[in-house]
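Here the structure is laid out as structure tokens; the discussion comes afterwards.
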Amino acid sequence: MTLDSKIPDGPIEKKWFEHKFHMKLVNPANRRKYKIIVVGTGLAGSSVAASLGELGYNVLAFSYHESPRRAHSIAAQGGINAPKNYSNDGDSVYRLFYDTLKGGDYRAREANVYRLAEVSGSIIDQCVAQGVPFARDYAGYLDNRSFGGAQVARTFYARGQTGQQLLLGAYSALIRQMDAGSVKFYERREMLDLVVVDGKARGIVARNLLNGKLESYSADAVILATGGYGNVFYLSTNAKASNATALRQSVLYADPSDMHSCHR
Amino acid sequence: MNAFFAFINSSVGKKILMSLTGIFLCTFLVEHLAGNLLLLKKDGGEAFDAYAHFMGGNPIVRTLEIGLFAIILIHIINGTFIWFSNRRARDKRYASYKLEENTTFQSRMMAVSASLVFVFLVVHLAKFWVPARILGEQNLSSLVYATFRQTFFVVFYLVALVVLSYHLRHGFQSAFQTLGWKTKRYGGLIEFIAVLFWLVIPIGFAIIPLYIYFYGGSAVAMMR
Amino acid sequence: MSESLRNDGRVWVPKKKGDTRNPKDIPESERDYYLERQYPSFGNLVPRDVASRRAKEMCDNGFGVGASKMAVYLDFADAIKRLGKEAVFQKYGNLLDMYKQITGEDPYTTPMRIYPAVHYTMGGLWVDYNLMSTIPGMFVLGEANFSDHGANRLGASALMQGLADGYFIAPYTVSDYLASNKFNAVSTDAKEFKDAENSVTATINKLMGIDGKKTVDEYHREFGKVMWDYVGMARNKEGLKKALTLLPKIRAEFWKNVKITGNAHEINMELEKAQRVADFMELGELIAMDAMNREESCGGHFREEFQTEEGEAKRNDKKFSYVAAWEYKGPGKKQVLHKEDLDFEYVKPTQRSYK
Amino acid sequence: MKIHLKVWRQKDQNDGGRFVDYTASNVSPDMSFLEMLDIVNIDLVKKGETPIAFDHDCREGICGSCGMMINGRAHGPGRGIATCQLHMRSFQDGDSVVIEPWRAAAFPVLKDLMIDRTSFDRIMQAGGYTSAKTGGIPDGNAILIPKPVADEAFDAAACIGCGACVAACPNSSAMLFVSAKVSQLALLPQGQAERTTRVQRMIAQMDEEKFGACSNTYACEAECPKQISVTHIARLNREFIAAQF
């Protein structure tokens, strides 16, 4: 098996822009014909389910929690980075890209990291629009603080509950789509197997945690947003239910030894 | 009309109705007390009787009186309705429930104090309102003086006023909370005005039977 | 506790080994603000892999504080003096309250005692630029994929990556995938679904049928302790070797001796936990194997044999500038390593310095 | 420490349920209440019995999963904490502790101390959001929000949806929960477009879920782990009245 990262050509600041243009689109009228499964409704899962639902796809979202609002993204306290340079201390997309790559000790893909830095500004705008109460100064402007591994103040925060507030933002986007009928949420379901048909991911088998019944769901694409595996180390700040079960597939684990520590 | 029905039928709408009727009844108390204080005048009840006569004869007042009864009824029926639906909201009781650590005595006793006030109201109407309005009693002051010379009625009224005070201690500020006026800025002011209703007014009412019982009786007798 | 506390909190240990005095009684001159001393330009704001390692080092060398001696102080006294208690409360109030509830100590008056713990995993499922895994049609987002943080994640970037993937990347790439492929309707009655259901049922029945002596929690703790001790913040060949002999033993014992009560047709949290722990065990071994294979130090992966004179992670870009992706070959079988080389066109790798 | 427990055990939704006595020995004062239950559960499993089911996750007081009635108090003794933040140092050696699930018609018991709080999600679904679309959003600083307003909105947004307000309320009313969201979005400029329909729909859904009416006892505020103020309920009421015009 060869690993093709499919990184687009061109200068780094143009890669994502060009790639977006060259990607194929689904006609808005045809989108409802596609079914997409999203497993996990933390930050990544809720936000993608909401965004795909809004585009018009038929989304089935699964969580082993009773509600998307319980996901462990909630426990991230410190803040979220974005190179808005509101603090006028010389921040830029390139500097965030540089800091992230350096902070990661040069073991990440340049193109991915650049794209992350590039879109991160829009995340702040998105969250503000959802009503996330970021810290503000007296004039009403967004406030920033500094954070480990950077010499600029680019971290946006909501007291010490940034993760919770961002998750509630994504959750609100998700329930809006549930209200609109484009996303159907399945609570207390744990994905136990991925189903591959003709070489393509086409569904999942999940256990209904309330009655133990196995339930199968088919779709045209499956998105896993199932979080990390920090609980492999019993001594972890991760929530008790943070798990790796859904990851157990004949796919590749990359850099599994890079685990991460923080202050407790 | 549909929107109004939905509004009044919602749990918050019912509470708002409760608040509005409650506040109206509070204003009635002010008027009622002002009139009754005429009983303290040492004129053998003349001023009070004139007042009672005016209230009984004036068609506008009589119409308002019907409104008053309607509002009392709405307050009672609506309150009962809310009480029952609140009971249903908890299908199974707690084995251990320390509500007293989180709430005031008055707030827990609203249904009880309401029931007691209702009992009082029935006695009160039977004692004074029925003779005055239905049986055509002209000399209401004498009836009052006679009643409050009896120890039983004085004690009964005092107890009722204490219960009413408790009901208003929670009810008055609660009405403003339900109407959304108990904000950080005006909460203090509302608590301040509330003192008038749960303390000053009940004391005002209490003075009348006490005064008659201890002093008024002889004073009136001397005038006659 | 959150890393953000290091913004205004100062990290220190007593200069004297095994100092048991109350922190308030230790004068300034006898405190070692070691992060500020060792990293004058970043000070308390060094990345978390560095801060964690230094804290561990301080404790390992006998400078740890508290009853367990496995903690360092994080002190807000200066910040409170400079900004006032109210300002500190505004910024960190709920974190400090949380600490107070856990420990019963007031962080506004007594320095907090902190120690590193696992918090986030940088590794994950391999995905391409479109966030698609090696299985067509399966996308992986957020912490579950490996892609953006490298060997160490900067603070305040986890939330960023989760939302970037979800709002602004996957909606485009998933659409592209759907538009580029043809899909026949697949019913959940298809053989592939039935097979998957049967294999899941078999695993559940197997777990329920063991009826051994030890609880899932006990295995999790036992396994986790081996992971923490030998595959944790600092690793070496000997330790990893030991872990790789201990871990399979624990796993084998788990499958013979775990006890799960109740049945599989009701709410059964023990069964749920058992399934997760069974997976952790396979994954834990893989982590150890990968750590063994990567003979260099980088970010959160710290091999004691590979460090600079100053005790920092020493990379070996010649040999290990690649993403290690392991192919799962079925239970009990050895995973196969695939490599994706990392090219650096814009930012040339240098020795990280936060001095 | 030794603690005597009286725990509500209920097999499933249809089971009548009953109290069962347990003893937790070797409890250290530094343990959290949930860690104490973990120990009881390990003993139960060893004895071949089913462990006590209770919801829990982050154990840092932020996810809102845990919650139980402990000696007649939502989240147990103490103020401003969730069950996971309650520590055994709040009890004395030999104490008796009664543990029950939240009781409300809108929160059916699933098993033991686990309840179904999806009614909260259905209320949120009825309007607890802004209609922000993904992308195409103005810059975060294009909307100025003065600090006092942002702070007050935050106070409301701090709700973790644990249900303690409902559990503590003598009427099982969800007004504090609903008001937290309505108040947050009513304060912020982003929430203005749906201000009217939001409050009407959310209250209608709250009533449909069979939560009780608020009688302003303020038991909710007293037991809220995030100490959300009842002034938000006042704002909810104001919003509801204003929505009629």
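Chain labels A, B, ... are given in the sequence in which chains occur in the structure tokens; within each chain residues are numbered consecutively from 1, and ligands are likewise numbered from 1 in the order shown.
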Practice problem: Would you list the contacts of Asp49 (chain B) as an MDAnalysis selection string, taking every protein, DNA or RNA residue within 10 Å and counting only C-alpha atoms, but skipping same-chain residues closer than 6 positions in sequence? | Solution: chainID B and resid 38:39 55 138:142
Self-check item: Test item: chain D residues at most 8 Å from chain C, counting only C-alpha atoms, as a ChimeraX atom specification
Solution: /D:30,32,42,45-46,48-51,53,60-61,85-87,111,134-135
Self-check item: Spatial neighbours of Pro83 (chain A), 8 Å, only C-alpha atoms, chain gap at least 4 places, as a list in words
Solution: Asp91, Ser92, Val93, Arg95, Leu96, Ala117, Ser120, Gly121 and Arg154 of chain A
Selection from above, C-alpha atoms, as a PDB file, in the first residue's frame, can you write it?
ATOM      1  CA  ASP A  91       0.620  37.839  14.028  1.00  0.00           C
ATOM      2  CA  SER A  92      -0.218  36.384  10.637  1.00  0.00           C
ATOM      3  CA  VAL A  93      -1.418  33.162   9.032  1.00  0.00           C
ATOM      4  CA  ARG A  95       3.291  32.928  11.835  1.00  0.00           C
ATOM      5  CA  LEU A  96       0.601  30.604  13.179  1.00  0.00           C
ATOM      6  CA  ALA A 117      -3.860  28.380  10.081  1.00  0.00           C
ATOM      7  CA  SER A 120      -8.810  29.402  11.697  1.00  0.00           C
ATOM      8  CA  GLY A 121      -9.796  33.071  11.430  1.00  0.00           C
ATOM      9  CA  ARG A 154      -3.766  35.149  19.497  1.00  0.00           C
TER      10      ARG A 154
END
Practice problem: Give me the residues within 9 Å of region 98-101 of chain A as number ranges by chain, counting only C-alpha atoms and dropping any in the same chain fewer than 6 places off. | Solution: A: 107-110, 113-114, 117, 149-150; C: 148-150, 152-154, 157, 346-347, 349
Could the residues in this selection be written to a file with N, CA and C atoms, as a PDB file, in the first residue's frame?
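Listing of part-v6.pdb after writing:
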ATOM      1  N   ARG A 107       6.975  17.398  12.607  1.00  0.00           N
ATOM      2  CA  ARG A 107       6.481  16.071  12.272  1.00  0.00           C
ATOM      3  C   ARG A 107       5.043  16.157  11.746  1.00  0.00           C
ATOM      4  N   ALA A 108       4.733  17.296  11.129  1.00  0.00           N
ATOM      5  CA  ALA A 108       3.400  17.441  10.534  1.00  0.00           C
ATOM      6  C   ALA A 108       3.547  17.872   9.083  1.00  0.00           C
ATOM      7  N   ARG A 109       2.459  17.725   8.332  1.00  0.00           N
ATOM      8  CA  ARG A 109       2.487  18.121   6.925  1.00  0.00           C
ATOM      9  C   ARG A 109       2.375  19.631   6.801  1.00  0.00           C
ATOM     10  N   GLU A 110       3.252  20.211   6.057  1.00  0.00           N
ATOM     11  CA  GLU A 110       3.210  21.669   5.876  1.00  0.00           C
ATOM     12  C   GLU A 110       1.859  22.123   5.316  1.00  0.00           C
ATOM     13  N   VAL A 113      -1.002  22.032   7.817  1.00  0.00           N
ATOM     14  CA  VAL A 113      -0.851  23.019   8.881  1.00  0.00           C
ATOM     15  C   VAL A 113      -1.156  24.411   8.337  1.00  0.00           C
ATOM     16  N   TYR A 114      -0.697  24.676   7.126  1.00  0.00           N
ATOM     17  CA  TYR A 114      -0.968  25.994   6.549  1.00  0.00           C
ATOM     18  C   TYR A 114      -2.477  26.214   6.387  1.00  0.00           C
ATOM     19  N   ALA A 117      -4.091  26.992   9.665  1.00  0.00           N
ATOM     20  CA  ALA A 117      -3.860  28.380  10.081  1.00  0.00           C
ATOM     21  C   ALA A 117      -4.735  29.327   9.258  1.00  0.00           C
ATOM     22  N   GLY A 149       4.009  28.263  23.699  1.00  0.00           N
ATOM     23  CA  GLY A 149       4.587  28.023  22.394  1.00  0.00           C
ATOM     24  C   GLY A 149       4.445  29.171  21.412  1.00  0.00           C
ATOM     25  N   ALA A 150       3.947  30.321  21.863  1.00  0.00           N
ATOM     26  CA  ALA A 150       3.789  31.453  20.967  1.00  0.00           C
ATOM     27  C   ALA A 150       4.166  32.734  21.698  1.00  0.00           C
TER      28      ALA A 150
ATOM     29  N   ASP C 148      -2.602  17.362  11.812  1.00  0.00           N
ATOM     30  CA  ASP C 148      -2.116  18.741  11.809  1.00  0.00           C
ATOM     31  C   ASP C 148      -1.149  19.148  12.908  1.00  0.00           C
ATOM     32  N   HIS C 149      -0.972  18.313  13.907  1.00  0.00           N
ATOM     33  CA  HIS C 149      -0.197  18.817  15.041  1.00  0.00           C
ATOM     34  C   HIS C 149       1.222  18.285  15.116  1.00  0.00           C
ATOM     35  N   GLY C 150       1.529  17.306  14.311  1.00  0.00           N
ATOM     36  CA  GLY C 150       2.871  16.762  14.380  1.00  0.00           C
ATOM     37  C   GLY C 150       3.089  16.019  15.673  1.00  0.00           C
ATOM     38  N   ASN C 152       3.603  17.322  18.666  1.00  0.00           N
ATOM     39  CA  ASN C 152       3.176  18.031  19.865  1.00  0.00           C
ATOM     40  C   ASN C 152       2.166  19.068  19.429  1.00  0.00           C
ATOM     41  N   ARG C 153       1.093  19.184  20.205  1.00  0.00           N
ATOM     42  CA  ARG C 153       0.082  20.159  19.813  1.00  0.00           C
ATOM     43  C   ARG C 153       0.244  21.420  20.652  1.00  0.00           C
ATOM     44  N   LEU C 154       0.201  22.560  20.002  1.00  0.00           N
ATOM     45  CA  LEU C 154       0.251  23.818  20.738  1.00  0.00           C
ATOM     46  C   LEU C 154      -1.046  24.005  21.512  1.00  0.00           C
ATOM     47  N   SER C 157      -4.999  24.822  20.204  1.00  0.00           N
ATOM     48  CA  SER C 157      -5.120  24.429  18.807  1.00  0.00           C
ATOM     49  C   SER C 157      -6.029  23.225  18.596  1.00  0.00           C
ATOM     50  N   TYR C 346       8.944  25.133   3.140  1.00  0.00           N
ATOM     51  CA  TYR C 346       8.864  26.522   3.615  1.00  0.00           C
ATOM     52  C   TYR C 346       9.551  26.737   4.955  1.00  0.00           C
ATOM     53  N   VAL C 347       9.348  25.805   5.867  1.00  0.00           N
ATOM     54  CA  VAL C 347       9.940  25.966   7.185  1.00  0.00           C
ATOM     55  C   VAL C 347      10.986  24.867   7.360  1.00  0.00           C
ATOM     56  N   PRO C 349      13.378  22.513   9.080  1.00  0.00           N
ATOM     57  CA  PRO C 349      13.476  22.011  10.458  1.00  0.00           C
ATOM     58  C   PRO C 349      14.776  22.444  11.119  1.00  0.00           C
TER      59      PRO C 349
END
Self-check item: Spatial neighbours of His65 (chain A), max dist 12 Å, only C-alpha atoms, sep filter under 6 positions, as an MDAnalysis selection string
Solution: (chainID A and resid 39:42 71:72 185:191 208:210 226 239:242) or (chainID D and resid 55:58 63:66 116:118)
Quiz item: From the set B:Val12, B:Ala3, B:Leu158, B:Ala52, which residue has the shortest atom-to-atom contact distance to Leu236 (chain D), counting only C-alpha atoms?
Solution: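 Of all the options, B:Val12 lies closest to Leu236 (chain D).
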Using only C-alpha atoms, what does the table of chain D residues within 8 Å of chain B look like, with each row giving the shortest atom pair and its distance in Å to one decimal, sorted by chain and ascending number, as JSON lines?
{"residue": "D:Asn71", "atom": "CA", "partner": "B:Ser96", "partner_atom": "CA", "distance": 5.9}
{"residue": "D:Gly72", "atom": "CA", "partner": "B:Tyr97", "partner_atom": "CA", "distance": 3.7}
{"residue": "D:Arg73", "atom": "CA", "partner": "B:Lys98", "partner_atom": "CA", "distance": 6.0}
{"residue": "D:Val98", "atom": "CA", "partner": "B:Ser96", "partner_atom": "CA", "distance": 7.0}
{"residue": "D:Glu100", "atom": "CA", "partner": "B:Tyr94", "partner_atom": "CA", "distance": 7.4}
{"residue": "D:Arg103", "atom": "CA", "partner": "B:Arg90", "partner_atom": "CA", "distance": 6.2}
{"residue": "D:Ala104", "atom": "CA", "partner": "B:Arg90", "partner_atom": "CA", "distance": 4.4}
{"residue": "D:Ala105", "atom": "CA", "partner": "B:Arg90", "partner_atom": "CA", "distance": 5.1}
{"residue": "D:Ala106", "atom": "CA", "partner": "B:Ala89", "partner_atom": "CA", "distance": 7.2}
{"residue": "D:Ala168", "atom": "CA", "partner": "B:Leu99", "partner_atom": "CA", "distance": 7.4}
{"residue": "D:Pro170", "atom": "CA", "partner": "B:Leu99", "partner_atom": "CA", "distance": 7.6}
{"residue": "D:Asn171", "atom": "CA", "partner": "B:Asn86", "partner_atom": "CA", "distance": 4.8}
{"residue": "D:Ser172", "atom": "CA", "partner": "B:Ala89", "partner_atom": "CA", "distance": 5.7}
{"residue": "D:Ser173", "atom": "CA", "partner": "B:Ala89", "partner_atom": "CA", "distance": 7.7}
{"residue": "D:Ile203", "atom": "CA", "partner": "B:Ser10", "partner_atom": "CA", "distance": 7.5}
{"residue": "D:Ala204", "atom": "CA", "partner": "B:Ser10", "partner_atom": "CA", "distance": 6.8}
{"residue": "D:Asp207", "atom": "CA", "partner": "B:Ser11", "partner_atom": "CA", "distance": 6.6}
{"residue": "D:Lys210", "atom": "CA", "partner": "B:Ala89", "partner_atom": "CA", "distance": 5.9}
{"residue": "D:Phe211", "atom": "CA", "partner": "B:Ala89", "partner_atom": "CA", "distance": 5.4}
{"residue": "D:Gly212", "atom": "CA", "partner": "B:Asn86", "partner_atom": "CA", "distance": 4.6}
{"residue": "D:Ala213", "atom": "CA", "partner": "B:Ser11", "partner_atom": "CA", "distance": 5.4}
{"residue": "D:Cys214", "atom": "CA", "partner": "B:Lys15", "partner_atom": "CA", "distance": 7.7}
{"residue": "D:Ser215", "atom": "CA", "partner": "B:Ser174", "partner_atom": "CA", "distance": 7.5}
{"residue": "D:Asn216", "atom": "CA", "partner": "B:Ser174", "partner_atom": "CA", "distance": 5.9}
{"residue": "D:Thr217", "atom": "CA", "partner": "B:Ser107", "partner_atom": "CA", "distance": 5.5}
{"residue": "D:Tyr218", "atom": "CA", "partner": "B:Thr103", "partner_atom": "CA", "distance": 6.5}
{"residue": "D:Ala219", "atom": "CA", "partner": "B:Asn102", "partner_atom": "CA", "distance": 5.0}
{"residue": "D:Ala222", "atom": "CA", "partner": "B:Asn102", "partner_atom": "CA", "distance": 5.8}
{"residue": "D:Glu223", "atom": "CA", "partner": "B:Asn102", "partner_atom": "CA", "distance": 7.5}
{"residue": "D:Thr231", "atom": "CA", "partner": "B:Thr183", "partner_atom": "CA", "distance": 5.7}
{"residue": "D:Ile233", "atom": "CA", "partner": "B:Gly180", "partner_atom": "CA", "distance": 7.5}
{"residue": "D:Ala234", "atom": "CA", "partner": "B:Gly180", "partner_atom": "CA", "distance": 4.0}
{"residue": "D:Arg235", "atom": "CA", "partner": "B:Gly180", "partner_atom": "CA", "distance": 5.6}
{"residue": "D:Leu236", "atom": "CA", "partner": "B:Gly180", "partner_atom": "CA", "distance": 7.3}
{"residue": "D:Asn237", "atom": "CA", "partner": "B:Gly180", "partner_atom": "CA", "distance": 5.1}
{"residue": "D:Arg238", "atom": "CA", "partner": "B:Gly180", "partner_atom": "CA", "distance": 4.6}
{"residue": "D:Phe240", "atom": "CA", "partner": "B:Val12", "partner_atom": "CA", "distance": 7.9}
{"residue": "D:Ile241", "atom": "CA", "partner": "B:Leu179", "partner_atom": "CA", "distance": 7.8}
{"residue": "D:Gln244", "atom": "CA", "partner": "B:Phe7", "partner_atom": "CA", "distance": 7.6}
Go ahead and write the selection's residues with N, CA, C and O atoms as a short mmCIF file (atom, residue, chain, number, x, y, z; two decimals), in the first residue's frame.
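Printed below is part_22.cif as written:
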data_model
loop_
_atom_site.label_atom_id
_atom_site.label_comp_id
_atom_site.auth_asym_id
_atom_site.auth_seq_id
_atom_site.Cartn_x
_atom_site.Cartn_y
_atom_site.Cartn_z
N ASN D 71 -28.92 12.90 49.73
CA ASN D 71 -29.52 13.36 50.99
C ASN D 71 -30.46 14.54 50.78
O ASN D 71 -30.40 15.55 51.49
N GLY D 72 -31.30 14.43 49.77
CA GLY D 72 -32.32 15.44 49.56
C GLY D 72 -31.85 16.70 48.89
O GLY D 72 -32.59 17.68 48.79
N ARG D 73 -30.60 16.70 48.43
CA ARG D 73 -30.07 17.89 47.75
C ARG D 73 -29.56 17.50 46.37
O ARG D 73 -28.86 16.50 46.21
N VAL D 98 -28.58 9.01 51.41
CA VAL D 98 -29.64 8.53 50.53
C VAL D 98 -29.37 9.06 49.12
O VAL D 98 -29.20 10.26 48.93
N GLU D 100 -30.75 9.20 45.21
CA GLU D 100 -31.90 8.97 44.32
C GLU D 100 -31.65 9.63 42.98
O GLU D 100 -30.86 10.56 42.89
N ARG D 103 -35.91 13.45 40.01
CA ARG D 103 -37.31 13.05 39.83
C ARG D 103 -38.08 14.13 39.08
O ARG D 103 -38.23 15.24 39.57
N ALA D 104 -38.56 13.77 37.91
CA ALA D 104 -39.42 14.67 37.15
C ALA D 104 -40.12 13.83 36.08
O ALA D 104 -39.52 12.90 35.55
N ALA D 105 -41.37 14.17 35.81
CA ALA D 105 -42.09 13.42 34.78
C ALA D 105 -41.37 13.55 33.44
O ALA D 105 -41.40 12.64 32.61
N ALA D 106 -40.68 14.69 33.24
CA ALA D 106 -39.98 14.91 31.97
C ALA D 106 -38.62 14.23 31.92
O ALA D 106 -37.96 14.27 30.89
N ALA D 168 -34.21 20.14 41.75
CA ALA D 168 -34.34 20.86 43.02
C ALA D 168 -35.70 21.54 43.14
O ALA D 168 -36.19 21.75 44.24
N PRO D 170 -39.51 22.36 43.47
CA PRO D 170 -40.66 21.58 43.94
C PRO D 170 -41.67 21.31 42.83
O PRO D 170 -42.50 20.41 42.96
N ASN D 171 -41.60 22.08 41.74
CA ASN D 171 -42.54 21.89 40.64
C ASN D 171 -41.91 21.20 39.44
O ASN D 171 -42.51 21.15 38.38
N SER D 172 -40.67 20.73 39.58
CA SER D 172 -39.93 20.18 38.43
C SER D 172 -39.99 21.12 37.24
O SER D 172 -40.25 20.70 36.12
N SER D 173 -39.75 22.38 37.50
CA SER D 173 -39.81 23.36 36.42
C SER D 173 -38.44 23.51 35.77
O SER D 173 -37.41 23.43 36.43
N ILE D 203 -40.72 27.86 25.08
CA ILE D 203 -41.65 27.69 26.21
C ILE D 203 -42.75 26.69 25.84
O ILE D 203 -43.13 25.84 26.66
N ALA D 204 -43.21 26.75 24.60
CA ALA D 204 -44.23 25.79 24.18
C ALA D 204 -43.69 24.36 24.30
O ALA D 204 -44.38 23.45 24.77
N ASP D 207 -43.47 23.26 27.92
CA ASP D 207 -44.77 22.84 28.44
C ASP D 207 -45.15 21.46 27.91
O ASP D 207 -45.69 20.63 28.64
N LYS D 210 -43.94 18.54 29.72
CA LYS D 210 -44.55 18.33 31.03
C LYS D 210 -43.67 18.76 32.21
O LYS D 210 -43.71 18.17 33.28
N PHE D 211 -42.85 19.79 31.97
CA PHE D 211 -42.18 20.41 33.10
C PHE D 211 -43.20 21.29 33.83
O PHE D 211 -44.15 21.78 33.21
N GLY D 212 -43.00 21.50 35.12
CA GLY D 212 -43.94 22.32 35.88
C GLY D 212 -43.75 23.81 35.64
O GLY D 212 -42.85 24.22 34.91
N ALA D 213 -44.63 24.61 36.25
CA ALA D 213 -44.53 26.06 36.12
C ALA D 213 -43.67 26.60 37.26
O ALA D 213 -43.64 26.05 38.34
N CYS D 214 -43.02 27.72 36.99
CA CYS D 214 -42.14 28.32 37.99
C CYS D 214 -42.96 29.00 39.07
O CYS D 214 -43.86 29.77 38.76
N SER D 215 -42.68 28.71 40.34
CA SER D 215 -43.36 29.47 41.37
C SER D 215 -42.37 30.31 42.18
O SER D 215 -42.58 30.63 43.33
N ASN D 216 -41.24 30.60 41.55
CA ASN D 216 -40.26 31.53 42.11
C ASN D 216 -39.80 31.17 43.52
O ASN D 216 -39.66 32.05 44.37
N THR D 217 -39.58 29.90 43.76
CA THR D 217 -39.02 29.52 45.06
C THR D 217 -37.50 29.70 45.06
O THR D 217 -36.88 29.70 46.10
N TYR D 218 -36.92 29.80 43.88
CA TYR D 218 -35.48 30.00 43.68
C TYR D 218 -34.63 28.84 44.18
O TYR D 218 -33.44 29.00 44.43
N ALA D 219 -35.23 27.65 44.31
CA ALA D 219 -34.44 26.48 44.67
C ALA D 219 -33.46 26.14 43.55
O ALA D 219 -32.38 25.62 43.80
N ALA D 222 -30.26 28.09 43.85
CA ALA D 222 -29.47 27.61 44.98
C ALA D 222 -28.68 26.35 44.63
O ALA D 222 -27.56 26.18 45.09
N GLU D 223 -29.25 25.49 43.79
CA GLU D 223 -28.58 24.21 43.49
C GLU D 223 -27.83 24.20 42.17
O GLU D 223 -27.16 23.22 41.86
N THR D 231 -32.40 36.03 37.79
CA THR D 231 -32.70 37.23 37.00
C THR D 231 -32.84 36.86 35.53
O THR D 231 -33.50 37.56 34.77
N ILE D 233 -34.46 34.24 34.59
CA ILE D 233 -35.87 33.85 34.47
C ILE D 233 -36.72 35.10 34.29
O ILE D 233 -37.64 35.13 33.48
N ALA D 234 -36.36 36.15 35.03
CA ALA D 234 -37.10 37.41 34.86
C ALA D 234 -36.98 37.89 33.43
O ALA D 234 -37.97 38.33 32.82
N ARG D 235 -35.77 37.78 32.87
CA ARG D 235 -35.61 38.22 31.48
C ARG D 235 -36.42 37.33 30.54
O ARG D 235 -37.05 37.83 29.60
N LEU D 236 -36.45 36.04 30.79
CA LEU D 236 -37.25 35.13 29.97
C LEU D 236 -38.71 35.58 29.99
O LEU D 236 -39.37 35.66 28.95
N ASN D 237 -39.22 35.88 31.18
CA ASN D 237 -40.62 36.30 31.30
C ASN D 237 -40.86 37.58 30.52
O ASN D 237 -41.87 37.74 29.84
N ARG D 238 -39.90 38.51 30.64
CA ARG D 238 -40.02 39.77 29.92
C ARG D 238 -40.04 39.52 28.41
O ARG D 238 -40.85 40.09 27.68
N PHE D 240 -40.97 36.88 26.93
CA PHE D 240 -42.21 36.19 26.57
C PHE D 240 -43.36 37.19 26.46
O PHE D 240 -44.18 37.11 25.54
N ILE D 241 -43.40 38.13 27.39
CA ILE D 241 -44.46 39.15 27.33
C ILE D 241 -44.25 40.03 26.09
O ILE D 241 -45.18 40.27 25.32
N GLN D 244 -45.50 38.99 22.72
CA GLN D 244 -46.93 39.03 22.39
C GLN D 244 -47.28 40.28 21.59
O GLN D 244 -48.37 40.36 21.03
#
Quiz item: So what do you get for CA of Ala164 (chain C) versus CA of Ala44 (chain A), distance-wise?
Solution: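 So the answer is 7.8 Å.
Residue-level contact on chain A: within 6 Å of chain D, counting only C-alpha atoms, the set is Arg70, Asp125, Val128, Ala129, Gln130, Gly131, Pro133, Arg136, Asp137, Tyr138, Ala139, Gly140, Tyr141, Ser172, Ile175, Asp179, Ala239 and Lys240 of chain A.
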Quiz item: What gap, in Å, lies between CA of Asp4 (chain A) and CA of Leu131 (chain C)?
Solution: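 Calculated distance between CA of Asp4 (chain A) and CA of Leu131 (chain C) is 11.8 Å.
Using only C-alpha atoms, the protein and nucleic acid residues lying no more than 12 Å from Thr147 (chain B), apart from those fewer than 4 places from it along its own chain, are His124, Lys127, Phe128, Leu140, Ser141, Ser142, Leu143, Thr151, Phe152, Phe153, Val154, Val155, Phe156, Tyr157, Ile208, Pro209, Leu210, Ile212, Tyr213, Gly216 and Gly217 of chain B.
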Practice problem: In Å, rounded to a single decimal, give me how far CA of Lys329 (chain C) is from CA of Ile204 (chain A). | Solution: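 We find that CA of Ile204 (chain A) and CA of Lys329 (chain C) lie 19.8 Å from each other.
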Exercise. Excluding His301 (chain C) and any residue of its chain fewer than 3 positions from it, enumerate the residues within 12 Å of it, using only C-alpha atoms, and give them as a VMD selection string.
Key: (chain A and resid 104 to 105 107 255 to 261) or (chain C and resid 49 to 50 52 to 53 121 to 123 150 to 153 231 to 236 287 to 288 290 to 298 304 to 307 312 to 315)
Practice problem: Mind listing the strand (DSSP E or B) residues of region 3-127 of chain A, per DSSP on the backbone, as a VMD selection string? | Solution: chain A and resid 35 to 39 58 to 62 80 to 81
Exercise. Using only C-alpha atoms, find the one residue out of A:Lys184, A:Arg145, A:Lys14, A:Lys33 that sits nearest to Asn85 (chain A).
Key: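 Ranked by minimum distance to Asn85 (chain A), first place goes to A:Arg145.
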